[in-house]
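Working notes, beginning with the structure itself.
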Amino acid sequence: MDLQRNAFKAALKAEKLQIGLWSSLCSNIVAEIIAQSGFDWILLDMEHSPNEVPGILSQLQALAGGTATPIVRPAWNDPVLIKRLLDIGAPAVLIPFVQNAQEAEQAVAACRYPPAGIRGITSVSRPSGYGRLPAYLNQADQETCVLVQIETSQALGELEAIAGVEGVDGVFIGPADLSASLGHIGNPQHPEVQAAIRDAVRRLRVVGKPAGILAPREADARRYIEWGYGFVAVGSDLGLLVKGADDLAQSF
């Protein structure tokens with residue numbers, strides 16, 4: 001019995017566009033609702049949402065059987081937290097605020113079993129079928145997807161080195177933090193920020209690494225896709241709720 005293939009990781013390798021949704025509401029019920037919406041991936045956020053490991057577990061369970069591959073963004077590049085997320089079945093992680101190749105290497109190592117990395121071993125993890133899938137330990141490394149997030153001008157200067165780290169499957173550009181780093185806080189539409197976003201995907205395509213981004217405005221998402229971004233979050237559950245509630249109230 002083999003480990004289930006990571007559809008999102010395979011699609012990135014095949015250069016197939018992956019459309020995603022950000023999830024910040026910390027709810028297994030919300031996760032169950034959006035699981036069947038047709039997205040290719042859903043990001044469960046721990047960095048800017050009050051999500052903790054037990055809640056992430058319930059959301060992963062709710063997403064099981066849906067159309068989307070779950071990706072979890074831990075609060076930090078912390079090998080202990082990453083280990084716990086992988087052990088509860090996160091098939092992919094997005095590591096925030098990676099500044100250089102060394103930090104990217106640390107992220108990959110946290111997701112790999114020895115001798116390739118430092119991930120601790122348990123024989124009864126959820127993705128191993130609680131021990132019913134003996135092949136898991138030999139197959140987990142190849143199916144776990146590791147994404148790193150570039151959020152500063154400093155990290156942009158190290159982009160090729162970060163993207164070139166073996167085991168990094170994709171590089172995610174964070175428009176909000178990047179705009180602040182470039183001196184345009186709250187204004188990712190500033191020409192300098194947009195130029196940096198476009199240049200980043202160009203450079204990543206040169207080195208053959210998929211690029212991702214969050215673009216809750218449709219015009220932005222379509223522009224980024226045209227520029228070559230391969231995995232794009234086109235909205236969030238929180239944004240959908242705010243807009244839906246406000247529109248309904250205003251209509252009356």
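Order determines the names: the first chain of the structure tokens is A, the second B, and so forth; residues in each chain are numbered 1 upward, and ligands are numbered 1 upward as they are shown.
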
Shell around A:Leu133 at 12 Å using only C-alpha atoms, local window under 5 positions removed, as number ranges by chain: A: 1-4, 123-128, 138-140

Once you count only C-alpha atoms, what closest atom pair and distance in Å to one decimal does each residue of stretch 137-203 of chain A within 12 Å of stretch 53-73 of chain A have, with rows by chain and rising residue number, as a tab-separated table?
```
residue	atom	partner	partner_atom	distance
A:Glu143	CA	A:Thr69	CA	12.0
A:Thr144	CA	A:Ile71	CA	10.3
A:Cys145	CA	A:Ile71	CA	8.6
A:Val146	CA	A:Ile71	CA	9.4
A:Leu147	CA	A:Ile71	CA	9.2
A:Val148	CA	A:Arg73	CA	9.6
A:Gln149	CA	A:Arg73	CA	9.6
A:Phe172	CA	A:Arg73	CA	11.3
```

Write out as a VMD selection string which residues come within 12 Å of A:Ile95 when counting only C-alpha atoms, dropping same-chain ones fewer than 3 positions away. chain A and resid 43 45 to 47 71 to 79 81 to 82 85 92 98 to 99 103 to 108 110 to 111 145 to 151 168 to 174

Quick one: DSSP alpha helix (DSSP H) residues in stretch 6-248 of chain A, as an MDAnalysis selection string? chainID A and resid 7:13 28:35 53:63 79:87 101:110 136:143 153:157 159:163 175:181 191:206 218:227 237:248

Env of A:Arg203: 12 Å cut, atoms = only C-alpha atoms, seq-sep filter 4 positions within chain, self excluded. Answer as a VMD selection string. chain A and resid 156 to 164 171 196 to 199 207 to 211 227 to 229

Serialized selection, C-alpha atoms, as a PDB file, in the first residue's frame:
```pdb
ATOM      1  CA  LEU A 156      14.471  39.245  -3.108  1.00  0.00           C
ATOM      2  CA  GLY A 157      18.192  39.837  -3.350  1.00  0.00           C
ATOM      3  CA  GLU A 158      18.711  36.190  -2.390  1.00  0.00           C
ATOM      4  CA  LEU A 159      15.916  34.859  -4.608  1.00  0.00           C
ATOM      5  CA  GLU A 160      17.944  32.577  -6.883  1.00  0.00           C
ATOM      6  CA  ALA A 161      19.909  31.140  -3.967  1.00  0.00           C
ATOM      7  CA  ILE A 162      16.713  30.422  -2.024  1.00  0.00           C
ATOM      8  CA  ALA A 163      14.935  28.923  -5.032  1.00  0.00           C
ATOM      9  CA  GLY A 164      17.971  26.786  -5.821  1.00  0.00           C
ATOM     10  CA  VAL A 171       8.517  30.122  -3.881  1.00  0.00           C
ATOM     11  CA  ALA A 196       9.348  43.681  -8.046  1.00  0.00           C
ATOM     12  CA  ILE A 197       6.520  41.131  -8.195  1.00  0.00           C
ATOM     13  CA  ARG A 198       6.881  40.848 -11.962  1.00  0.00           C
ATOM     14  CA  ASP A 199      10.659  40.624 -11.810  1.00  0.00           C
ATOM     15  CA  VAL A 207      15.727  28.923 -12.577  1.00  0.00           C
ATOM     16  CA  GLY A 208      12.726  26.647 -13.145  1.00  0.00           C
ATOM     17  CA  LYS A 209      10.963  27.138  -9.836  1.00  0.00           C
ATOM     18  CA  PRO A 210       7.159  27.627  -9.543  1.00  0.00           C
ATOM     19  CA  ALA A 211       6.054  31.005  -8.176  1.00  0.00           C
ATOM     20  CA  TRP A 227       2.982  37.118 -15.790  1.00  0.00           C
ATOM     21  CA  GLY A 228       3.615  33.445 -15.054  1.00  0.00           C
ATOM     22  CA  TYR A 229       2.637  32.784 -11.441  1.00  0.00           C
TER      23      TYR A 229
END
```

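One finds atom CA of A:Leu94 at 16.8 Å from atom CA of A:Leu204.
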
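Going from atom CA of A:Ser153 to atom CA of A:Val193 covers 10.0 Å.
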
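Distance-wise, atom CA of A:His184 and atom CA of A:Ser49 end up 23.6 Å apart.
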
List every residue of stretch 163-220 of chain A that DSSP, applied to the backbone of this structure, places in strand (DSSP E), and write the result as an NGL selection string. :A and (170-173 or 211-214)

Return the single residue from A:Ser37, A:Asp87, A:Leu182, A:Leu25 that is closest to A:Leu137, with distances computed using only C-alpha atoms. A:Asp87

Nearest to A:Gly20, chosen from A:Phe8, A:Trp41, A:Val165, A:Pro191, with only C-alpha atoms counted in the distances: A:Trp41

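Across A:Glu192, A:Glu218, A:Asp40, A:Glu32, the tightest approach to A:Ala10 is made by A:Asp40 when counting only C-alpha atoms.
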
Which residue out of A:Gln36, A:Thr152, A:Ser251, A:Gln142 has the minimum interatomic distance to A:Ala180 when only C-alpha atoms are used? A:Thr152

When you look at A:Glu226 with a cut-off of 12 Å (counting only C-alpha atoms), what residues show up, excluding the ones that are within fewer than 6 positions of it in the same chain? I need them as a ChimeraX atom specification. /A:17,198,201-202,219-220,232

With distances taken over only C-alpha atoms, which of A:Pro188, A:Arg132, A:Pro216, A:Gln154 is nearest to A:Lys243? A:Pro216

Selected residue of minimal separation from A:Ala35 among A:Gln18, A:Ser23, A:Thr122, A:Asn51, counting only C-alpha atoms: A:Ser23
